[in-house]
Amino acid sequence: MGWCNKIQQTLVLLLCICVHAHAAQTVHIYLDDQLDFELFKNAKSKPENIAGATNKLVFANLGEQTQVVFTKASFNRTIKIMENADFPACTVNKIDTVDRTSKFLFSLPVNFYWSHKLYTFNNNKTNMAAILNEKGEIKSLPEMFKAFQNKLIVIADNFSYGDFLDSQLRKVDRQNLVIRGGSDHYETVHRMFILGRVDFLLSYPAEFHRYSNNEELPVQSYHIANAPKVVIGHIMCNKNALSEKFIAQVNSVLIELYLSQEFIEAHTDYLPATEHSALEEYIKQFYQDKVIKNNA
């Protein structure tokens with residue numbers, strides 16, 4: 001579904017919300033990250049990353065007509081619930097892949113992350129030259145593992161890195177993949193890499209620094225050639241009329257938030273100062289291209 005259609009549907013559904021504003025609804029949000037669960041359950045908790053800060057900002061601005069119930073659940077369990085529930089069932093920080101958009105509803109962007117980078121330890125640095133292009137980017141993950149046949153990369157089970165990287169990972173030999181699931185898979189994959197149990201990790205730069213406690217580790221990071229520059233996270237819900245109503249409420253909040261200082265700072269507070277202006281400009285450009293122009 002295009003951004004124009006999403007925004008147009010938001011405006012139509014907002015009319016329904018105004019008519020039925022007196023009727024509060026309950027929305028169930030399922031979280032597979034323990035830190036997210038603790039953050040959203042406790043109004044006094046402080047965010048530790050972009051995803052937490054942006055989602056908390058959205059939830060705080062929803063208004064009294066929506067009651068949000070947070071539940072801890074693995075992503076696999078969340079998907080099963082969303083596929084079968086007849087009530088609004090949602091989760092956060094999800095990329096809108098082709099497969100997912102055929103099954104679920106997505107909000108407008110809630111957060112913007114610089115795209116995943118590949119992390120590896122310095123002892124692999126001398127062997128990386130052959131699989132880098134002239135820009136110093138990894139040519140492709142499948143090609144990389146032809147050169148590193150005995151090395152391991154850890155990835156999260158049933159987790160999307162976006163259509164581009166998902167497609168590349170499907171072409172990597174299974175013997176090179178260490179797949180981790182569970183309710184805290186996000187923390188698990190970072191811990192496995194930092195402890196040296198695997199050789200490679202795909203991660204957002206901001207999240208890698210979060211899980212490494214901002215320590216200077218003996219690692220190198222590389223962009224993947226032709227990967228998207230920015231990865232966008234959304235609220236994802238099951239498909240029913242009440243979920244559509246909730247998504248419309250979220251979208252109306254986001255349209256009001258995009259250019260606010262608090263929304264910008266919900267991103268830049270967790271990034272190095274050298275990256276602040278670039279991401280702020282990206283968000284402002286997104287607003288101009290996807291919101292203003294589509295409503296003109």
# chains A, B, ... in the order shown; residues from 1 in each chain; ligands from 1

call {"tool": "closest_atom_pairs", "arguments": {"of": "stretch 34-111 of chain A", "to": "stretch 226-239 of chain A", "cutoff": "12 Å", "atoms": "only C-alpha atoms", "output": "Markdown table"}}
result
| residue | atom | partner | partner_atom | distance |
| --- | --- | --- | --- | --- |
| A:Ile50 | CA | A:Gly233 | CA | 10.2 |
| A:Ala51 | CA | A:Gly233 | CA | 7.9 |
| A:Gly52 | CA | A:Gly233 | CA | 11.3 |
| A:Thr54 | CA | A:Gly233 | CA | 9.9 |
| A:Asn55 | CA | A:Ile235 | CA | 8.6 |
| A:Lys56 | CA | A:Ile235 | CA | 11.9 |
| A:Val58 | CA | A:Ile235 | CA | 10.2 |
| A:Phe59 | CA | A:Ile235 | CA | 10.9 |
| A:Phe75 | CA | A:Met236 | CA | 11.9 |
| A:Thr78 | CA | A:Cys237 | CA | 10.2 |
| A:Ile79 | CA | A:Asn238 | CA | 8.9 |
| A:Lys80 | CA | A:Asn238 | CA | 10.3 |
| A:Ile81 | CA | A:Asn238 | CA | 8.9 |
| A:Met82 | CA | A:Asn238 | CA | 5.2 |
| A:Glu83 | CA | A:Asn238 | CA | 6.7 |
| A:Asn84 | CA | A:Asn238 | CA | 8.6 |
| A:Ala85 | CA | A:Asn238 | CA | 7.7 |
| A:Asp86 | CA | A:Asn238 | CA | 8.6 |
| A:Phe87 | CA | A:Asn238 | CA | 8.4 |
| A:Pro88 | CA | A:Asn238 | CA | 6.6 |
| A:Ala89 | CA | A:Cys237 | CA | 5.6 |
| A:Cys90 | CA | A:Cys237 | CA | 4.0 |
| A:Thr91 | CA | A:Met236 | CA | 5.4 |
| A:Val92 | CA | A:Ile235 | CA | 4.4 |
| A:Asn93 | CA | A:Gly233 | CA | 4.4 |
| A:Lys94 | CA | A:Gly233 | CA | 5.0 |
| A:Ile95 | CA | A:Gly233 | CA | 5.2 |
| A:Asp96 | CA | A:His234 | CA | 7.3 |
| A:Thr97 | CA | A:Ile232 | CA | 10.7 |
| A:Arg100 | CA | A:Met236 | CA | 8.9 |
| A:Thr101 | CA | A:Met236 | CA | 9.1 |
| A:Ser102 | CA | A:Lys239 | CA | 9.9 |
| A:Lys103 | CA | A:Lys239 | CA | 7.4 |
| A:Phe104 | CA | A:Asn238 | CA | 5.0 |
| A:Leu105 | CA | A:Cys237 | CA | 5.1 |
| A:Phe106 | CA | A:Met236 | CA | 4.7 |
| A:Ser107 | CA | A:Ile235 | CA | 5.4 |
| A:Leu108 | CA | A:His234 | CA | 6.4 |
| A:Pro109 | CA | A:His234 | CA | 5.1 |
| A:Val110 | CA | A:His234 | CA | 5.2 |
| A:Asn111 | CA | A:Gly233 | CA | 5.2 |

call {"tool": "residues_around", "arguments": {"residues": "A:Leu271", "least_positions_apart": "6", "cutoff": "10 Å", "atoms": "only C-alpha atoms", "output": "ChimeraX atom specification"}}
result
/A:49-50,113-114,205-207,209,265,279

call {"tool": "write_last_selection", "arguments": {"atoms": "N, CA, C and O atoms", "output": "mmCIF file, in the first residue's frame"}}
result
data_model
loop_
_atom_site.group_PDB
_atom_site.id
_atom_site.type_symbol
_atom_site.label_atom_id
_atom_site.label_comp_id
_atom_site.auth_asym_id
_atom_site.auth_seq_id
_atom_site.Cartn_x
_atom_site.Cartn_y
_atom_site.Cartn_z
ATOM 1 N N ASN A 49 16.572 3.981 23.926
ATOM 2 C CA ASN A 49 16.900 3.956 22.500
ATOM 3 C C ASN A 49 15.828 4.673 21.690
ATOM 4 O O ASN A 49 14.808 5.125 22.236
ATOM 5 N N ILE A 50 16.068 4.806 20.394
ATOM 6 C CA ILE A 50 15.153 5.513 19.506
ATOM 7 C C ILE A 50 13.778 4.869 19.502
ATOM 8 O O ILE A 50 12.746 5.549 19.598
ATOM 9 N N TYR A 113 15.817 4.632 11.468
ATOM 10 C CA TYR A 113 17.148 4.170 11.871
ATOM 11 C C TYR A 113 18.082 4.157 10.666
ATOM 12 O O TYR A 113 17.685 3.737 9.577
ATOM 13 N N TRP A 114 19.336 4.578 10.876
ATOM 14 C CA TRP A 114 20.331 4.315 9.847
ATOM 15 C C TRP A 114 20.397 2.811 9.657
ATOM 16 O O TRP A 114 20.351 2.039 10.614
ATOM 17 N N PRO A 205 23.473 0.651 13.868
ATOM 18 C CA PRO A 205 24.577 1.256 14.630
ATOM 19 C C PRO A 205 24.152 1.742 16.016
ATOM 20 O O PRO A 205 24.869 1.514 16.996
ATOM 21 N N ALA A 206 22.993 2.395 16.120
ATOM 22 C CA ALA A 206 22.548 2.905 17.422
ATOM 23 C C ALA A 206 22.304 1.768 18.409
ATOM 24 O O ALA A 206 22.616 1.886 19.602
ATOM 25 N N GLU A 207 21.758 0.647 17.917
ATOM 26 C CA GLU A 207 21.485 -0.484 18.806
ATOM 27 C C GLU A 207 22.767 -1.217 19.188
ATOM 28 O O GLU A 207 22.883 -1.718 20.316
ATOM 29 N N HIS A 209 25.686 0.120 19.699
ATOM 30 C CA HIS A 209 26.310 0.904 20.774
ATOM 31 C C HIS A 209 25.534 0.746 22.075
ATOM 32 O O HIS A 209 26.123 0.740 23.155
ATOM 33 N N GLU A 265 14.150 14.896 18.738
ATOM 34 C CA GLU A 265 15.056 14.544 19.835
ATOM 35 C C GLU A 265 14.893 13.097 20.276
ATOM 36 O O GLU A 265 15.832 12.509 20.828
ATOM 37 N N LEU A 279 19.976 13.091 10.130
ATOM 38 C CA LEU A 279 18.729 12.369 10.375
ATOM 39 C C LEU A 279 17.555 13.341 10.483
ATOM 40 O O LEU A 279 16.450 13.056 10.002
#

call {"tool": "residues_around", "arguments": {"residues": "A:Lys139", "least_positions_apart": "5", "cutoff": "12 Å", "atoms": "only C-alpha atoms", "output": "list of chain:residue names"}}
result
A:Leu118, A:Met128, A:Ala129, A:Ala130, A:Ile131, A:Leu132, A:Asn133, A:Glu134, A:Met144, A:Phe145, A:Lys146, A:Ala147, A:Gln168, A:Tyr222, A:His223, A:Ile224, A:Ala225, A:Asn226, A:Ala227

call {"tool": "select_by_dssp", "arguments": {"residues": "stretch 85-259 of chain A", "states": "alpha helix (DSSP H)", "output": "ChimeraX atom specification"}}
result
/A:98-101,141-147,163-170,185-194,205-211,241-257

call {"tool": "select_by_dssp", "arguments": {"residues": "stretch 73-189 of chain A", "states": "strand (DSSP E or B)", "output": "JSON list (two decimals) with all heavy atoms, in the first residue's frame"}}
result
[["chain", "number", "residue", "atom", "x", "y", "z"],
["A", 89, "ALA", "N", -4.86, -6.41, 17.94],
["A", 89, "ALA", "CA", -3.63, -7.00, 18.45],
["A", 89, "ALA", "C", -2.47, -6.46, 17.61],
["A", 89, "ALA", "O", -2.48, -6.59, 16.38],
["A", 89, "ALA", "CB", -3.68, -8.52, 18.38],
["A", 90, "CYS", "N", -1.50, -5.87, 18.28],
["A", 90, "CYS", "CA", -0.44, -5.15, 17.56],
["A", 90, "CYS", "C", 0.92, -5.43, 18.19],
["A", 90, "CYS", "O", 1.03, -5.94, 19.30],
["A", 90, "CYS", "CB", -0.69, -3.65, 17.59],
["A", 90, "CYS", "SG", -2.35, -3.14, 17.04],
["A", 91, "THR", "N", 1.96, -5.04, 17.46],
["A", 91, "THR", "CA", 3.31, -5.03, 17.99],
["A", 91, "THR", "C", 4.03, -3.82, 17.42],
["A", 91, "THR", "O", 3.48, -3.11, 16.57],
["A", 91, "THR", "CB", 4.05, -6.35, 17.67],
["A", 91, "THR", "OG1", 5.31, -6.38, 18.34],
["A", 91, "THR", "CG2", 4.25, -6.52, 16.16],
["A", 92, "VAL", "N", 5.24, -3.55, 17.89],
["A", 92, "VAL", "CA", 5.93, -2.31, 17.52],
["A", 92, "VAL", "C", 7.25, -2.59, 16.81],
["A", 92, "VAL", "O", 7.74, -3.72, 16.81],
["A", 92, "VAL", "CB", 6.19, -1.43, 18.77],
["A", 92, "VAL", "CG1", 4.89, -1.05, 19.45],
["A", 92, "VAL", "CG2", 7.12, -2.16, 19.77],
["A", 93, "ASN", "N", 7.78, -1.54, 16.18],
["A", 93, "ASN", "CA", 9.12, -1.57, 15.58],
["A", 93, "ASN", "C", 9.27, -2.63, 14.50],
["A", 93, "ASN", "O", 10.27, -3.34, 14.44],
["A", 93, "ASN", "CB", 10.20, -1.80, 16.67],
["A", 93, "ASN", "CG", 10.11, -0.81, 17.78],
["A", 93, "ASN", "OD1", 9.76, 0.35, 17.56],
["A", 93, "ASN", "ND2", 10.39, -1.24, 19.00],
["A", 94, "LYS", "N", 8.27, -2.73, 13.63],
["A", 94, "LYS", "CA", 8.32, -3.74, 12.58],
["A", 94, "LYS", "C", 8.49, -3.09, 11.21],
["A", 94, "LYS", "O", 7.89, -2.06, 10.90],
["A", 94, "LYS", "CB", 7.05, -4.59, 12.61],
["A", 94, "LYS", "CG", 6.93, -5.42, 13.88],
["A", 94, "LYS", "CD", 8.07, -6.42, 14.00],
["A", 94, "LYS", "CE", 8.09, -7.15, 15.33],
["A", 94, "LYS", "NZ", 8.73, -6.40, 16.41],
["A", 105, "LEU", "N", -1.72, -4.82, 9.09],
["A", 105, "LEU", "CA", -1.83, -3.38, 8.88],
["A", 105, "LEU", "C", -0.60, -2.69, 9.45],
["A", 105, "LEU", "O", -0.07, -3.11, 10.49],
["A", 105, "LEU", "CB", -3.08, -2.83, 9.59],
["A", 105, "LEU", "CG", -4.43, -3.42, 9.19],
["A", 105, "LEU", "CD1", -5.52, -2.88, 10.11],
["A", 105, "LEU", "CD2", -4.74, -3.11, 7.74],
["A", 106, "PHE", "N", -0.17, -1.61, 8.80],
["A", 106, "PHE", "CA", 1.00, -0.87, 9.26],
["A", 106, "PHE", "C", 0.66, 0.61, 9.42],
["A", 106, "PHE", "O", -0.04, 1.19, 8.59],
["A", 106, "PHE", "CB", 2.16, -1.01, 8.27],
["A", 106, "PHE", "CG", 2.86, -2.33, 8.35],
["A", 106, "PHE", "CD1", 2.34, -3.44, 7.70],
["A", 106, "PHE", "CD2", 4.02, -2.46, 9.09],
["A", 106, "PHE", "CE1", 2.97, -4.66, 7.78],
["A", 106, "PHE", "CE2", 4.67, -3.68, 9.18],
["A", 106, "PHE", "CZ", 4.14, -4.79, 8.53],
["A", 111, "ASN", "N", 9.60, 5.32, 13.69],
["A", 111, "ASN", "CA", 11.00, 5.66, 13.93],
["A", 111, "ASN", "C", 11.85, 5.40, 12.68],
["A", 111, "ASN", "O", 11.50, 4.60, 11.82],
["A", 111, "ASN", "CB", 11.58, 4.92, 15.14],
["A", 111, "ASN", "CG", 11.11, 3.48, 15.21],
["A", 111, "ASN", "OD1", 11.41, 2.69, 14.33],
["A", 111, "ASN", "ND2", 10.36, 3.14, 16.26],
["A", 112, "PHE", "N", 12.96, 6.13, 12.62],
["A", 112, "PHE", "CA", 13.87, 6.08, 11.48],
["A", 112, "PHE", "C", 15.26, 5.70, 12.01],
["A", 112, "PHE", "O", 15.81, 6.39, 12.87],
["A", 112, "PHE", "CB", 13.93, 7.43, 10.78],
["A", 112, "PHE", "CG", 12.61, 7.93, 10.27],
["A", 112, "PHE", "CD1", 11.69, 8.54, 11.12],
["A", 112, "PHE", "CD2", 12.28, 7.79, 8.92],
["A", 112, "PHE", "CE1", 10.48, 9.01, 10.64],
["A", 112, "PHE", "CE2", 11.06, 8.27, 8.43],
["A", 112, "PHE", "CZ", 10.16, 8.88, 9.30],
["A", 113, "TYR", "N", 15.82, 4.63, 11.47],
["A", 113, "TYR", "CA", 17.15, 4.17, 11.87],
["A", 113, "TYR", "C", 18.08, 4.16, 10.67],
["A", 113, "TYR", "O", 17.68, 3.74, 9.58],
["A", 113, "TYR", "CB", 17.09, 2.74, 12.41],
["A", 113, "TYR", "CG", 16.79, 2.61, 13.89],
["A", 113, "TYR", "CD1", 15.48, 2.58, 14.35],
["A", 113, "TYR", "CD2", 17.81, 2.48, 14.82],
["A", 113, "TYR", "CE1", 15.20, 2.43, 15.71],
["A", 113, "TYR", "CE2", 17.55, 2.33, 16.17],
["A", 113, "TYR", "CZ", 16.24, 2.31, 16.61],
["A", 113, "TYR", "OH", 15.97, 2.17, 17.94],
["A", 114, "TRP", "N", 19.34, 4.58, 10.88],
["A", 114, "TRP", "CA", 20.33, 4.31, 9.85],
["A", 114, "TRP", "C", 20.40, 2.81, 9.66],
["A", 114, "TRP", "O", 20.35, 2.04, 10.61],
["A", 114, "TRP", "CB", 21.70, 4.85, 10.26],
["A", 114, "TRP", "CG", 21.79, 6.33, 10.42],
["A", 114, "TRP", "CD1", 22.26, 7.01, 11.50],
["A", 114, "TRP", "CD2", 21.40, 7.34, 9.47],
["A", 114, "TRP", "NE1", 22.19, 8.37, 11.29],
["A", 114, "TRP", "CE2", 21.66, 8.61, 10.06],
["A", 114, "TRP", "CE3", 20.85, 7.31, 8.18],
["A", 114, "TRP", "CZ2", 21.40, 9.81, 9.40],
["A", 114, "TRP", "CZ3", 20.58, 8.52, 7.53],
["A", 114, "TRP", "CH2", 20.86, 9.73, 8.13],
["A", 117, "LYS", "N", 24.34, -2.41, 9.72],
["A", 117, "LYS", "CA", 25.72, -2.61, 9.29],
["A", 117, "LYS", "C", 26.14, -4.01, 9.73],
["A", 117, "LYS", "O", 25.56, -4.58, 10.64],
["A", 117, "LYS", "CB", 26.64, -1.54, 9.90],
["A", 117, "LYS", "CG", 26.31, -0.13, 9.44],
["A", 117, "LYS", "CD", 27.22, 0.90, 10.11],
["A", 117, "LYS", "CE", 28.61, 0.90, 9.54],
["A", 117, "LYS", "NZ", 29.44, 2.00, 10.10],
["A", 118, "LEU", "N", 27.15, -4.52, 9.05],
["A", 118, "LEU", "CA", 27.71, -5.81, 9.44],
["A", 118, "LEU", "C", 28.91, -5.58, 10.35],
["A", 118, "LEU", "O", 29.83, -4.84, 9.99],
["A", 118, "LEU", "CB", 28.15, -6.61, 8.22],
["A", 118, "LEU", "CG", 28.61, -8.02, 8.59],
["A", 118, "LEU", "CD1", 27.43, -8.98, 8.58],
["A", 118, "LEU", "CD2", 29.70, -8.51, 7.66],
["A", 119, "TYR", "N", 28.88, -6.18, 11.53],
["A", 119, "TYR", "CA", 29.96, -6.05, 12.50],
["A", 119, "TYR", "C", 30.78, -7.33, 12.55],
["A", 119, "TYR", "O", 30.23, -8.44, 12.50],
["A", 119, "TYR", "CB", 29.38, -5.75, 13.89],
["A", 119, "TYR", "CG", 28.77, -4.37, 14.00],
["A", 119, "TYR", "CD1", 27.47, -4.14, 13.57],
["A", 119, "TYR", "CD2", 29.50, -3.30, 14.49],
["A", 119, "TYR", "CE1", 26.90, -2.87, 13.63],
["A", 119, "TYR", "CE2", 28.95, -2.02, 14.56],
["A", 119, "TYR", "CZ", 27.65, -1.82, 14.13],
["A", 119, "TYR", "OH", 27.11, -0.56, 14.19],
["A", 120, "THR", "N", 32.10, -7.18, 12.63],
["A", 120, "THR", "CA", 32.98, -8.31, 12.80],
["A", 120, "THR", "C", 34.20, -7.86, 13.60],
["A", 120, "THR", "O", 34.47, -6.67, 13.73],
["A", 120, "THR", "CB", 33.42, -8.90, 11.44],
["A", 120, "THR", "OG1", 34.09, -10.15, 11.66],
["A", 120, "THR", "CG2", 34.35, -7.96, 10.69],
["A", 121, "PHE", "N", 34.93, -8.80, 14.13],
["A", 121, "PHE", "CA", 36.08, -8.48, 14.97],
["A", 121, "PHE", "C", 37.30, -8.11, 14.11],
["A", 121, "PHE", "O", 37.41, -8.52, 12.95],
["A", 121, "PHE", "CB", 36.40, -9.65, 15.89],
["A", 121, "PHE", "CG", 35.34, -9.88, 16.93],
["A", 121, "PHE", "CD1", 34.34, -10.81, 16.72],
["A", 121, "PHE", "CD2", 35.32, -9.12, 18.09],
["A", 121, "PHE", "CE1", 33.34, -11.00, 17.67],
["A", 121, "PHE", "CE2", 34.33, -9.30, 19.04],
["A", 121, "PHE", "CZ", 33.32, -10.24, 18.83],
["A", 132, "LEU", "N", 35.00, -6.56, -0.51],
["A", 132, "LEU", "CA", 34.54, -5.18, -0.45],
["A", 132, "LEU", "C", 34.58, -4.56, -1.85],
["A", 132, "LEU", "O", 35.45, -4.86, -2.65],
["A", 132, "LEU", "CB", 35.42, -4.37, 0.49],
["A", 132, "LEU", "CG", 35.48, -4.81, 1.96],
["A", 132, "LEU", "CD1", 36.42, -3.90, 2.73],
["A", 132, "LEU", "CD2", 34.10, -4.81, 2.59],
["A", 138, "ILE", "N", 30.47, -4.16, 1.73],
["A", 138, "ILE", "CA", 30.41, -5.58, 1.42],
["A", 138, "ILE", "C", 29.57, -5.77, 0.17],
["A", 138, "ILE", "O", 28.45, -5.28, 0.07],
["A", 138, "ILE", "CB", 29.81, -6.36, 2.61],
["A", 138, "ILE", "CG1", 30.79, -6.29, 3.79],
["A", 138, "ILE", "CG2", 29.52, -7.81, 2.23],
["A", 138, "ILE", "CD1", 30.23, -6.85, 5.06],
["A", 153, "ILE", "N", 27.39, -16.20, 11.40],
["A", 153, "ILE", "CA", 26.66, -14.96, 11.66],
["A", 153, "ILE", "C", 25.41, -15.31, 12.46],
["A", 153, "ILE", "O", 24.73, -16.30, 12.17],
["A", 153, "ILE", "CB", 26.28, -14.24, 10.34],
["A", 153, "ILE", "CG1", 25.57, -12.91, 10.65],
["A", 153, "ILE", "CG2", 25.43, -15.12, 9.42],
["A", 153, "ILE", "CD1", 25.34, -12.04, 9.42],
["A", 154, "VAL", "N", 25.12, -14.52, 13.48],
["A", 154, "VAL", "CA", 23.93, -14.76, 14.30],
["A", 154, "VAL", "C", 22.81, -13.86, 13.82],
["A", 154, "VAL", "O", 23.00, -12.68, 13.57],
["A", 154, "VAL", "CB", 24.22, -14.53, 15.81],
["A", 154, "VAL", "CG1", 24.66, -13.11, 16.09],
["A", 154, "VAL", "CG2", 23.01, -14.91, 16.65],
["A", 155, "ILE", "N", 21.62, -14.46, 13.65],
["A", 155, "ILE", "CA", 20.44, -13.70, 13.29],
["A", 155, "ILE", "C", 19.28, -14.13, 14.18],
["A", 155, "ILE", "O", 19.31, -15.21, 14.78],
["A", 155, "ILE", "CB", 20.05, -13.87, 11.80],
["A", 155, "ILE", "CG1", 19.74, -15.34, 11.48],
["A", 155, "ILE", "CG2", 21.16, -13.35, 10.89],
["A", 155, "ILE", "CD1", 19.21, -15.55, 10.08],
["A", 156, "ALA", "N", 18.28, -13.27, 14.29],
["A", 156, "ALA", "CA", 17.13, -13.55, 15.13],
["A", 156, "ALA", "C", 16.08, -14.34, 14.36],
["A", 156, "ALA", "O", 15.82, -14.07, 13.18],
["A", 156, "ALA", "CB", 16.53, -12.25, 15.67],
["A", 177, "LEU", "N", 24.77, -19.92, 9.50],
["A", 177, "LEU", "CA", 23.77, -19.18, 10.26],
["A", 177, "LEU", "C", 23.58, -19.76, 11.65],
["A", 177, "LEU", "O", 23.41, -20.97, 11.82],
["A", 177, "LEU", "CB", 22.42, -19.20, 9.53],
["A", 177, "LEU", "CG", 22.37, -18.61, 8.12],
["A", 177, "LEU", "CD1", 20.98, -18.81, 7.53],
["A", 177, "LEU", "CD2", 22.72, -17.13, 8.13],
["A", 178, "VAL", "N", 23.59, -18.89, 12.65],
["A", 178, "VAL", "CA", 23.19, -19.25, 14.01],
["A", 178, "VAL", "C", 21.91, -18.47, 14.28],
["A", 178, "VAL", "O", 21.92, -17.24, 14.32],
["A", 178, "VAL", "CB", 24.27, -18.89, 15.06],
["A", 178, "VAL", "CG1", 23.76, -19.19, 16.47],
["A", 178, "VAL", "CG2", 25.55, -19.66, 14.77],
["A", 179, "ILE", "N", 20.78, -19.18, 14.41],
["A", 179, "ILE", "CA", 19.47, -18.54, 14.54],
["A", 179, "ILE", "C", 19.01, -18.63, 15.98],
["A", 179, "ILE", "O", 18.96, -19.71, 16.56],
["A", 179, "ILE", "CB", 18.45, -19.20, 13.60],
["A", 179, "ILE", "CG1", 18.96, -19.12, 12.14],
["A", 179, "ILE", "CG2", 17.09, -18.52, 13.72],
["A", 179, "ILE", "CD1", 18.13, -19.90, 11.16],
["A", 180, "ARG", "N", 18.67, -17.49, 16.56],
["A", 180, "ARG", "CA", 18.25, -17.44, 17.95],
["A", 180, "ARG", "C", 16.86, -16.85, 18.06],
["A", 180, "ARG", "O", 16.56, -15.80, 17.49],
["A", 180, "ARG", "CB", 19.25, -16.61, 18.78],
["A", 180, "ARG", "CG", 20.54, -17.34, 19.05],
["A", 180, "ARG", "CD", 20.33, -18.53, 19.97],
["A", 180, "ARG", "NE", 21.52, -19.32, 20.20],
["A", 180, "ARG", "CZ", 21.88, -20.41, 19.52],
["A", 180, "ARG", "NH1", 21.10, -20.82, 18.53],
["A", 180, "ARG", "NH2", 22.96, -21.07, 19.81]]
